[in-house]
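So this block is run30.txt, compact mmCIF, C-alpha atoms:
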# COMPACT_ATOMS: atom_id res chain seq x y z
CA MET B 267 69.93 -130.19 146.82
CA PRO B 268 71.46 -131.06 150.20
CA SER B 269 69.23 -133.01 152.51
CA LEU B 270 68.53 -132.23 156.16
CA LYS B 271 71.08 -134.83 157.18
CA ASP B 272 73.75 -133.14 155.06
CA PHE B 273 73.08 -129.89 156.89
CA ARG B 274 73.32 -131.58 160.26
CA ASN B 275 76.66 -133.08 159.29
CA ARG B 276 78.02 -129.75 158.01
CA ILE B 277 77.02 -127.99 161.22
CA ALA B 278 78.62 -130.70 163.35
CA SER B 279 81.85 -130.53 161.38
CA VAL B 280 82.07 -126.73 161.54
CA LYS B 281 81.42 -126.92 165.26
CA SER B 282 84.31 -129.29 165.82
CA THR B 283 86.58 -127.08 163.69
CA GLN B 284 85.55 -124.16 165.83
CA LYS B 285 86.52 -126.08 168.94
CA ILE B 286 89.96 -126.73 167.51
CA THR B 287 90.59 -123.12 166.46
CA LYS B 288 89.35 -121.92 169.83
CA ALA B 289 91.76 -124.25 171.63
CA MET B 290 94.62 -123.17 169.37
CA GLN B 291 93.86 -119.56 170.09
CA MET B 292 94.01 -120.12 173.82
CA VAL B 293 97.22 -122.10 173.58
CA ALA B 294 98.77 -119.35 171.45
CA ALA B 295 97.67 -116.72 173.97
CA ALA B 296 99.37 -118.60 176.79
CA LYS B 297 102.53 -119.16 174.76
CA LEU B 298 102.52 -115.56 173.61
CA ARG B 299 102.84 -114.28 177.14
CA LYS B 300 105.85 -116.51 177.75
CA ALA B 301 107.47 -115.60 174.44
CA GLN B 302 106.89 -111.93 175.07
CA ASP B 303 108.49 -112.14 178.51
CA ALA B 304 111.50 -113.93 177.04
CA ALA B 305 111.88 -111.30 174.33
CA GLU B 306 111.66 -108.50 176.87
CA ALA B 307 114.10 -110.14 179.26
CA ALA B 308 116.69 -110.37 176.50
CA THR B 309 116.48 -106.70 175.59
CA PRO B 310 118.86 -105.25 178.23
CA TYR B 311 121.65 -107.58 177.13
CA ALA B 312 121.12 -106.74 173.45
CA LYS B 313 121.09 -103.03 174.20
CA ARG B 314 124.26 -103.15 176.28
CA MET B 315 125.94 -105.31 173.71
CA ALA B 316 125.05 -102.85 170.95
CA ALA B 317 126.47 -100.01 173.04
CA VAL B 318 129.72 -101.86 173.70
CA VAL B 319 130.17 -102.78 170.04
CA ALA B 320 129.35 -99.25 168.92
CA ASN B 321 131.85 -97.91 171.36
CA LEU B 322 134.64 -100.24 170.27
CA SER B 323 133.98 -99.95 166.59
CA SER B 324 133.96 -96.17 166.65
CA SER B 325 137.61 -96.33 167.64
CA MET B 326 138.49 -99.24 165.34
CA LYS B 327 136.56 -98.47 162.18
CA ASP B 328 139.02 -96.23 160.41
CA ARG B 329 142.11 -98.14 161.34
CA PRO B 330 143.77 -100.53 158.95
CA GLY B 331 143.57 -104.13 160.11
CA ALA B 332 140.13 -103.79 161.58
CA PRO B 333 138.42 -107.21 161.63
CA ALA B 334 136.48 -108.12 158.50
CA LEU B 335 133.45 -109.04 160.61
CA LEU B 336 133.23 -105.39 161.60
CA VAL B 337 134.06 -103.43 158.46
CA GLY B 338 133.32 -106.06 155.81
CA ARG B 339 135.27 -107.06 152.75
CA ALA B 340 136.07 -104.79 149.85
CA ALA B 341 134.29 -107.10 147.42
CA ALA B 342 130.76 -107.44 148.73
CA GLU B 343 129.83 -109.93 146.02
CA SER B 344 128.26 -112.85 147.80
CA HIS B 345 125.30 -112.23 150.06
CA LEU B 346 123.87 -114.63 152.59
CA ILE B 347 120.25 -114.09 153.54
CA VAL B 348 119.26 -115.74 156.80
CA VAL B 349 115.50 -116.17 156.60
CA CYS B 350 114.04 -116.74 160.06
CA THR B 351 110.48 -118.04 160.03
CA ALA B 352 108.32 -120.25 162.19
CA ASP B 353 108.34 -124.02 161.97
CA ARG B 354 104.58 -124.28 161.96
CA GLY B 355 101.86 -122.77 159.88
CA LEU B 356 98.32 -121.68 160.78
CA CYS B 357 99.46 -118.28 161.87
CA GLY B 358 97.93 -116.03 159.24
CA GLY B 359 100.29 -114.17 156.97
CA PHE B 360 103.20 -114.35 159.39
CA ASN B 361 105.46 -116.67 157.39
CA SER B 362 104.36 -115.34 154.01
CA ASN B 363 105.23 -111.79 155.01
CA ILE B 364 108.74 -112.79 155.99
CA ALA B 365 109.17 -114.85 152.83
CA ARG B 366 107.93 -111.97 150.71
CA ARG B 367 110.37 -109.62 152.35
CA ALA B 368 113.16 -112.11 151.66
CA ARG B 369 112.12 -112.50 148.03
CA GLU B 370 112.12 -108.73 147.51
CA HIS B 371 115.55 -108.50 149.04
CA ILE B 372 116.87 -111.33 146.85
CA ALA B 373 115.40 -109.75 143.72
CA ARG B 374 117.03 -106.42 144.52
CA LEU B 375 120.44 -108.00 145.09
CA GLU B 376 120.18 -110.03 141.91
CA ARG B 377 119.40 -106.93 139.89
CA GLU B 378 122.66 -105.53 141.23
CA GLY B 379 124.40 -108.63 139.97
CA LYS B 380 125.30 -110.12 143.35
CA THR B 381 125.42 -113.79 144.23
CA VAL B 382 122.76 -114.73 146.75
CA LYS B 383 122.76 -117.65 149.15
CA ILE B 384 119.96 -118.47 151.54
CA LEU B 385 120.04 -120.01 154.98
CA CYS B 386 116.59 -120.95 156.24
CA VAL B 387 115.93 -121.03 159.95
CA GLY B 388 112.53 -122.57 160.41
CA ARG B 389 110.92 -124.97 157.98
CA LYS B 390 108.18 -122.70 156.67
CA GLY B 391 110.65 -120.30 155.11
CA PHE B 392 112.19 -123.19 153.21
CA ASP B 393 108.78 -124.39 152.05
CA GLN B 394 107.95 -120.99 150.64
CA LEU B 395 111.29 -120.18 149.06
CA LYS B 396 112.14 -123.54 147.54
CA ARG B 397 109.86 -123.02 144.56
CA LEU B 398 111.74 -120.02 143.20
CA HIS B 399 115.10 -120.19 144.90
CA ALA B 400 115.73 -123.87 145.60
CA LYS B 401 119.28 -123.79 144.24
CA LYS B 402 120.29 -120.87 146.41
CA ILE B 403 119.27 -122.46 149.69
CA VAL B 404 122.50 -123.71 151.23
CA GLU B 405 121.11 -124.97 154.50
CA THR B 406 117.92 -125.33 156.48
CA ILE B 407 117.86 -125.32 160.25
CA SER B 408 114.72 -126.59 161.90
CA LEU B 409 113.76 -125.31 165.31
CA ARG B 410 111.28 -128.07 165.87
CA GLU B 411 113.35 -129.96 168.41
CA VAL B 412 114.24 -126.81 170.30
CA LYS B 413 112.34 -126.67 173.56
CA LYS B 414 113.57 -123.33 174.78
CA LEU B 415 115.10 -120.60 172.68
CA ASP B 416 118.28 -119.58 174.43
CA SER B 417 121.72 -118.33 173.59
CA HIS B 418 122.97 -121.87 172.86
CA VAL B 419 120.55 -122.23 169.98
CA ALA B 420 121.45 -118.80 168.66
CA ALA B 421 125.16 -119.52 169.10
CA GLY B 422 124.81 -122.65 166.98
CA ILE B 423 123.33 -120.64 164.14
CA ALA B 424 125.80 -117.79 164.57
CA ASP B 425 128.71 -120.26 164.45
CA LYS B 426 127.49 -121.59 161.12
CA ILE B 427 127.21 -118.08 159.73
CA VAL B 428 130.69 -117.10 160.93
CA ALA B 429 132.15 -120.34 159.53
CA ARG B 430 130.76 -119.49 156.10
CA PHE B 431 132.05 -115.96 156.36
CA ASP B 432 135.52 -117.09 157.43
CA ALA B 433 135.66 -119.61 154.60
CA GLY B 434 135.13 -116.74 152.17
CA ASP B 435 131.84 -118.26 151.11
CA VAL B 436 129.86 -115.11 151.80
CA ASP B 437 130.77 -111.44 152.24
CA VAL B 438 127.60 -109.85 153.56
CA VAL B 439 125.05 -111.44 155.89
CA THR B 440 121.52 -110.17 156.35
CA LEU B 441 118.90 -111.44 158.77
CA VAL B 442 115.29 -111.40 157.64
CA PHE B 443 112.81 -111.83 160.46
CA SER B 444 109.66 -110.35 161.87
CA LYS B 445 109.81 -107.52 164.35
CA PHE B 446 107.36 -107.87 167.20
CA LYS B 447 105.68 -104.50 167.52
CA ASN B 448 102.68 -105.55 169.56
CA VAL B 449 100.32 -108.49 169.82
CA ILE B 450 98.49 -107.75 166.58
CA THR B 451 101.25 -106.19 164.47
CA GLN B 452 104.40 -107.87 163.33
CA GLU B 453 106.59 -106.17 160.83
CA PRO B 454 108.98 -108.06 158.56
CA ALA B 455 112.43 -106.54 158.80
CA SER B 456 115.88 -107.11 157.38
CA GLN B 457 119.05 -106.33 159.25
CA THR B 458 122.61 -106.52 158.02
CA VAL B 459 124.71 -108.26 160.66
CA ILE B 460 127.99 -108.69 158.78
CA PRO B 461 129.68 -106.25 158.39
CA ALA B 462 128.64 -105.31 161.90
CA ALA B 463 129.49 -101.66 161.41
CA GLU B 464 126.52 -101.31 159.05
CA SER B 465 123.97 -102.53 161.53
CA LEU B 466 125.03 -100.23 164.33
CA ASP B 467 122.20 -98.28 165.67
CA ALA B 468 122.82 -94.59 165.16
CA GLU B 469 120.81 -93.92 168.29
CA VAL B 470 123.23 -95.73 170.58
CA GLU B 471 124.81 -93.12 172.72
CA LEU B 472 128.51 -93.34 173.19
CA PRO B 473 129.47 -92.93 176.81
CA ASP B 474 131.09 -89.67 177.69
CA LEU B 475 134.55 -90.59 178.87
CA LYS B 476 135.16 -87.16 180.36
CA GLY B 477 138.58 -86.84 178.85
CA SER B 478 140.09 -90.13 179.93
CA ALA B 479 140.94 -92.81 177.38
CA TYR B 480 139.63 -96.34 177.35
CA GLU B 481 141.94 -99.11 178.41
CA TYR B 482 141.57 -102.52 176.88
CA GLU B 483 142.44 -105.83 178.49
CA PRO B 484 143.66 -107.71 176.46
CA ASP B 485 144.00 -105.42 173.44
CA GLU B 486 141.21 -104.19 171.19
CA GLU B 487 141.83 -106.72 168.43
CA GLU B 488 141.50 -109.66 170.78
CA ILE B 489 138.40 -108.30 172.43
CA LEU B 490 136.77 -107.61 169.10
CA GLU B 491 137.62 -111.10 167.94
CA VAL B 492 135.51 -112.55 170.75
CA LEU B 493 132.98 -109.78 170.91
CA LEU B 494 131.86 -109.73 167.29
CA PRO B 495 130.75 -113.38 167.05
CA ARG B 496 128.98 -112.94 170.36
CA ASN B 497 127.30 -109.83 169.06
CA LEU B 498 126.10 -111.87 166.10
CA THR B 499 124.73 -114.48 168.49
CA THR B 500 122.87 -111.77 170.35
CA GLN B 501 121.34 -110.45 167.16
CA VAL B 502 120.32 -113.91 166.01
CA LEU B 503 118.79 -114.60 169.42
CA ASN B 504 116.96 -111.32 169.30
CA ALA B 505 115.57 -112.14 165.85
CA LEU B 506 114.47 -115.61 167.00
CA LEU B 507 112.81 -114.32 170.15
CA GLN B 508 110.96 -111.59 168.29
CA ASN B 509 109.89 -114.17 165.75
CA ALA B 510 108.66 -116.54 168.44
CA ALA B 511 106.56 -113.83 170.05
CA GLY B 512 105.30 -112.63 166.67
CA GLU B 513 104.38 -116.13 165.59
CA GLN B 514 102.21 -116.67 168.65
CA GLY B 515 100.64 -113.24 168.28
CA ALA B 516 99.87 -113.87 164.61
CA ARG B 517 98.47 -117.32 165.40
CA MET B 518 96.33 -115.93 168.16
CA SER B 519 94.67 -113.35 165.91
CA ALA B 520 94.39 -115.78 162.99
CA MET B 521 92.70 -118.34 165.21
CA ASP B 522 90.47 -115.69 166.75
CA ASN B 523 89.30 -114.80 163.24
CA ALA B 524 88.83 -118.44 162.36
CA THR B 525 86.74 -119.04 165.48
CA ARG B 526 84.57 -116.05 164.65
CA ASN B 527 84.14 -117.13 161.04
CA ALA B 528 83.16 -120.62 162.16
CA GLY B 529 80.55 -119.05 164.46
CA ASP B 530 79.09 -117.03 161.56
CA MET B 531 79.05 -120.10 159.41
CA ILE B 532 77.23 -122.14 162.07
CA ASP B 533 74.63 -119.36 162.37
CA SER B 534 73.91 -119.19 158.65
CA LEU B 535 73.87 -122.98 158.31
CA SER B 536 71.44 -123.27 161.23
CA ILE B 537 69.09 -120.76 159.61
CA LYS B 538 69.17 -122.71 156.35
CA TYR B 539 68.67 -125.95 158.23
CA ASN B 540 65.65 -124.64 160.15
CA ARG B 541 64.08 -123.15 157.01
CA MET B 542 64.41 -126.43 155.25
CA ARG B 543 62.99 -128.33 158.18
CA GLN B 544 59.96 -126.04 158.32
CA ALA B 545 59.49 -126.27 154.55
CA ASN B 546 59.49 -130.03 154.85
CA ILE B 547 56.86 -129.98 157.60
CA THR B 548 54.69 -127.58 155.65
CA LYS B 549 55.00 -129.76 152.57
CA GLU B 550 53.96 -132.84 154.51
CA LEU B 551 50.99 -131.01 156.02
CA ILE B 552 49.85 -129.84 152.59
CA GLU B 553 50.12 -133.37 151.32
CA ILE B 554 48.02 -134.74 154.19
CA ILE B 555 45.38 -132.00 153.93
CA SER B 556 45.03 -132.21 150.16
CA GLY B 557 44.91 -136.00 150.48
CA ALA B 558 42.05 -135.70 153.01
CA GLU B 559 40.20 -133.17 150.81
CA ALA B 560 40.35 -135.48 147.84
CA LEU B 561 38.41 -138.14 149.71
CA MET E 31 130.51 -91.95 199.74
CA ASP E 32 130.03 -92.39 196.01
CA LYS E 33 128.34 -95.49 194.75
CA LEU E 34 129.15 -97.51 191.69
CA HIS E 35 126.32 -98.12 189.26
CA PHE E 36 126.46 -101.78 188.37
CA ASN E 37 124.58 -103.82 185.77
CA LEU E 38 124.89 -107.55 185.32
CA VAL E 39 123.11 -108.90 182.26
CA SER E 40 123.01 -112.31 180.63
CA PRO E 41 121.36 -113.03 177.27
CA GLU E 42 118.27 -114.36 178.98
CA ARG E 43 117.72 -111.67 181.58
CA GLU E 44 119.04 -108.82 183.64
CA LEU E 45 120.37 -110.24 186.91
CA PHE E 46 121.38 -107.16 188.75
CA SER E 47 120.97 -103.46 188.34
CA GLY E 48 121.69 -100.98 191.08
CA ASP E 49 124.25 -99.01 193.06
CA VAL E 50 126.95 -100.84 195.02
CA ASP E 51 130.23 -100.05 196.78
CA GLN E 52 132.61 -102.35 194.96
CA VAL E 53 132.71 -105.17 192.43
CA THR E 54 135.59 -107.59 191.92
CA VAL E 55 135.80 -108.94 188.40
CA PRO E 56 137.80 -111.96 187.19
CA GLY E 57 139.42 -110.51 184.06
CA THR E 58 141.40 -112.61 181.62
CA GLU E 59 144.52 -110.72 182.69
CA GLY E 60 143.79 -111.09 186.38
CA ASP E 61 141.18 -110.08 188.89
CA PHE E 62 140.47 -106.43 189.33
CA GLY E 63 138.30 -104.48 191.70
CA VAL E 64 136.09 -101.71 190.43
CA LEU E 65 135.31 -98.81 192.73
CA PRO E 66 133.33 -95.69 191.91
CA LYS E 67 135.17 -93.34 189.52
CA HIS E 68 137.24 -96.14 188.04
CA ALA E 69 139.04 -95.27 184.80
CA PRO E 70 137.28 -96.52 181.65
CA VAL E 71 138.28 -100.12 180.96
CA MET E 72 137.02 -102.82 178.69
CA SER E 73 138.06 -106.29 179.67
CA ALA E 74 137.29 -109.84 178.70
CA ILE E 75 136.28 -112.15 181.56
CA ARG E 76 137.32 -115.67 182.36
CA GLN E 77 134.93 -117.99 184.14
CA GLY E 78 134.78 -117.38 187.85
CA ALA E 79 132.89 -115.51 190.51
CA ILE E 80 132.38 -111.80 190.75
CA THR E 81 132.06 -110.34 194.21
CA ILE E 82 129.60 -107.55 194.78
CA LYS E 83 130.08 -105.54 197.96
CA ASP E 84 127.44 -103.19 199.16
CA GLY E 85 127.35 -101.86 202.70
CA GLY E 86 128.29 -104.82 204.87
CA GLU E 87 126.83 -107.33 202.48
CA THR E 88 128.74 -109.44 200.01
CA ARG E 89 127.16 -111.33 197.17
CA ARG E 90 128.92 -113.69 194.83
CA VAL E 91 127.75 -114.53 191.35
CA PHE E 92 129.35 -117.15 189.15
CA ILE E 93 129.77 -115.96 185.57
CA ARG E 94 131.13 -117.55 182.46
CA GLY E 95 132.42 -115.77 179.40
CA GLY E 96 131.71 -112.17 178.66
CA PHE E 97 132.93 -108.63 179.05
CA ALA E 98 133.22 -106.01 181.69
CA ASP E 99 132.78 -102.47 180.51
CA VAL E 100 133.68 -99.67 182.87
CA THR E 101 132.57 -96.21 181.87
CA PRO E 102 132.19 -93.05 183.95
CA ASP E 103 128.52 -94.05 184.22
CA GLY E 104 129.34 -97.30 185.96
CA LEU E 105 130.17 -100.94 185.36
CA THR E 106 128.35 -103.23 182.98
CA ILE E 107 129.05 -106.94 182.80
CA LEU E 108 127.80 -108.84 179.80
CA ALA E 109 127.95 -112.47 180.83
CA GLU E 110 127.17 -115.44 178.66
CA GLU E 111 125.98 -117.29 181.72
CA ALA E 112 125.44 -116.07 185.25
CA VAL E 113 124.33 -117.99 188.35
CA ASP E 114 124.03 -116.58 191.83
CA CYS E 115 126.36 -118.57 194.10
CA ALA E 116 123.62 -118.71 196.73
CA ASP E 117 121.51 -120.67 194.24
CA ILE E 118 124.10 -123.36 193.66
CA ASP E 119 123.58 -126.58 195.58
CA PRO E 120 127.02 -127.99 196.50
CA ALA E 121 125.81 -131.59 196.67
CA LYS E 122 124.19 -131.38 193.25
CA LEU E 123 127.28 -129.65 191.89
CA ASP E 124 129.49 -132.54 193.04
CA GLN E 125 127.09 -134.99 191.47
CA ASP E 126 127.06 -133.06 188.17
CA LEU E 127 130.82 -132.82 188.21
CA GLN E 128 131.17 -136.53 188.69
CA ASN E 129 128.72 -137.20 185.86
CA ALA E 130 130.57 -134.81 183.59
CA ARG E 131 133.89 -136.51 184.35
CA GLU E 132 132.35 -139.86 183.49
CA ASP E 133 131.08 -138.35 180.25
CA VAL E 134 134.64 -137.37 179.36
CA ALA E 135 135.85 -140.89 180.08
CA ASP E 136 133.01 -142.45 178.10
CA ALA E 137 133.20 -140.11 175.13
CA LYS E 138 133.68 -142.00 171.89
CA THR E 139 134.41 -139.21 169.44
CA ASP E 140 136.65 -136.16 169.80
CA ASP E 141 133.70 -133.82 169.49
CA THR E 142 131.72 -135.32 172.35
CA ARG E 143 134.87 -135.47 174.47
CA ARG E 144 135.55 -131.81 173.87
CA ALA E 145 131.97 -130.89 174.74
CA ALA E 146 132.16 -132.98 177.93
CA GLN E 147 135.51 -131.45 178.85
CA ILE E 148 134.03 -127.97 178.53
CA ALA E 149 131.25 -129.03 180.88
CA VAL E 150 133.81 -130.35 183.40
CA ASP E 151 135.84 -127.11 183.22
CA ARG E 152 132.71 -125.10 183.77
CA LEU E 153 131.65 -127.14 186.81
CA GLU E 154 135.16 -127.10 188.27
CA ALA E 155 135.31 -123.33 187.92
CA MET E 156 131.93 -123.13 189.58
CA LYS E 157 133.14 -125.29 192.44
CA ALA E 158 136.28 -123.22 192.86
CA ALA E 159 134.17 -120.07 192.88
CA LEU E 160 131.95 -121.54 195.54
CA SER E 161 134.71 -122.64 197.89
CA ALA E 162 136.76 -119.43 197.56

Represent the supplied structure as structure tokens.
Amino acid sequence: MPSLKDFRNRIASVKSTQKITKAMQMVAAAKLRKAQDAAEAATPYAKRMAAVVANLSSSMKDRPGAPALLVGRAAAESHLIVVCTADRGLCGGFNSNIARRAREHIARLEREGKTVKILCVGRKGFDQLKRLHAKKIVETISLREVKKLDSHVAAGIADKIVARFDAGDVDVVTLVFSKFKNVITQEPASQTVIPAAESLDAEVELPDLKGSAYEYEPDEEEILEVLLPRNLTTQVLNALLQNAAGEQGARMSAMDNATRNAGDMIDSLSIKYNRMRQANITKELIEIISGAEAL
Amino acid sequence: MDKLHFNLVSPERELFSGDVDQVTVPGTEGDFGVLPKHAPVMSAIRQGAITIKDGGETRRVFIRGGFADVTPDGLTILAEEAVDCADIDPAKLDQDLQNAREDVADAKTDDTRRAAQIAVDRLEAMKAALSA
């Protein structure tokens, strides 16, 4: 039977937890706005880039000698899954959802008899995947030291991916991340980035050239050679920015829930505490009265 | 007179979107001017300044790496980095350039030297763009 003092201690500890979750919620809300702005500001570039790549690839796709980054290799045996998660926890099911999506994807590929390699961006993905797939994880990139997500960070990751592709280490590369739909919904998604032709959005409208042919300076091959890695960078950046916004959104709602739960808990503990206090007073009174009567 | 629809976007944000008279682009194969109704061209860009002319006004923006895409709808420049020349402080630029040169001289490994050299090239191109 807990004593009155135990109750007082419980209530005090839940109250301080509530203060922490409340603060975390407010911090997440402030960061969310920034992350959302960054994600939105990057959209025009990503859209234009997609249009340019779609445009170029539509003319290059069926030609022999098209770059492997665009059309892929004949033997799509080795798959690289780039799992982008957050570096911190306490954001509800955000990281678990991405990890689950990745696990499903890996299981499907393995049933088809493919080799799977994993590149973790963000520590939480590594933590969740290492139990089942530790041997497949080839590299983990932490974003902890990164102060601002920009194209340099994304380019670093994209370079590593391209290096592995060029070395013949992997044939197909898929990004797994969380799409930021709105503040309360994030949706885990996977996107094939190499070969690039597979990820092209069917909705991208090709510009109407009105009969005239495109000129390329320098030629198409050279442009594609530079354009495709940059396109990969853009897609990685997009995934990271969406993740960053999603993480803050998920943390905000998780912490909002936690704050509310702590409030409920304080209420029910206070009721128990007061009942017990009154019971104790009543008991003492009865003792005094019956003691006086006995005299 | 027809106007050219021009978009300048960098990975972080959209810097310019609107109708202008003319844009001069530093292509890898040489500078070229884009006027309304230009033939469709796709060109890689070297680092340098683009010149945007609209009415009597001229605006210069330093860009590094990227592509210019001319379609009948207009011109789109995808730049890896873009800074408005009006925002560049010449004194600070000189200071940065000097620091970067010292970095090259102090570099101990090939990798750091290469990285520092890239920084110097970038700043020199920026300076050239500013003085032109």

May I have the residues of chain E within 6 Å of chain B, counting only C-alpha atoms, written as a ChimeraX atom specification? /E:39,41-43,70-73

What residues have an atom no more than 12 Å from (125.5, -119.9, 159.1) in the file's own frame, counting all atoms listed in the file, and can you write them as a PyMOL selection string? chain B and resi 345-350+383-387+403-407+420-433+435-436+438-441+459-460+495+498-499+502

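Atom CA of Ala524 of chain B sits 20.2 Å away from atom CA of Phe273 of chain B.
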
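In this model, the gap between atom CA of Pro66 of chain E and atom CA of Leu34 of chain E comes to 4.6 Å.
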
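Taking atom CA of Ser40 of chain E and atom CA of Gly85 of chain E as the two end points, the separation is 24.8 Å.
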
Closest of E:Arg76, E:Lys157, E:His68, E:Arg143 to Asp99 of chain E - atom-to-atom distances counting only C-alpha atoms: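 Among the listed residues, the smallest separation from Asp99 of chain E belongs to E:His68.
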
What's the 12 Å shell around segment 284-301 of chain B, counting all atoms listed in the file, without same-chain residues fewer than 3 positions away, as an NGL selection string? (:B and (277-281 or 304-308 or 355-357 or 414-416 or 446 or 448-450 or 504 or 506-532)) or (:E and (42))

Calculated over all atoms listed in the file, which of the candidates E:Gly78, E:Pro102, E:Pro120, E:Gly95 has the smallest distance to Ala159 of chain E?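 Going through E:Gly78, E:Pro102, E:Pro120, E:Gly95 one by one, the smallest distance to Ala159 of chain E is for E:Gly78.
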
What's around segment 104-117 of chain E at 6 Å? Count only C-alpha atoms, leave out sequence neighbours fewer than 5 positions away in its own chain, and write the answer as a list in words.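 These residues fall inside the cut-off: Leu34, His35, Phe36, Asn37, Leu38, Val39, Ser40, Arg90, Val91, Phe92, Ile93, Arg94, Gly95, Gly96, Phe97, Ala98 and Asp99 of chain E.
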
Just the residues within 8 Å of Val55 of chain E, please, counting only C-alpha atoms, with nothing from its chain fewer than 3 positions along; format it as a PyMOL selection string. chain E and resi 61-64+75+79-81+98

If you count all atoms listed in the file, which residues fall within 12 Å of Gln125 of chain E, apart from same-chain ones fewer than 5 positions away, as a PDB file with C-alpha atoms, keeping the file's coordinate frame?
ATOM      1  CA  ASP E 119     123.580-126.580 195.580  1.00  0.00           C
ATOM      2  CA  PRO E 120     127.020-127.990 196.500  1.00  0.00           C
ATOM      3  CA  ALA E 130     130.570-134.810 183.590  1.00  0.00           C
ATOM      4  CA  ARG E 131     133.890-136.510 184.350  1.00  0.00           C
ATOM      5  CA  GLU E 132     132.350-139.860 183.490  1.00  0.00           C
ATOM      6  CA  VAL E 150     133.810-130.350 183.400  1.00  0.00           C
ATOM      7  CA  LEU E 153     131.650-127.140 186.810  1.00  0.00           C
ATOM      8  CA  GLU E 154     135.160-127.100 188.270  1.00  0.00           C
ATOM      9  CA  LYS E 157     133.140-125.290 192.440  1.00  0.00           C
TER      10      LYS E 157
END
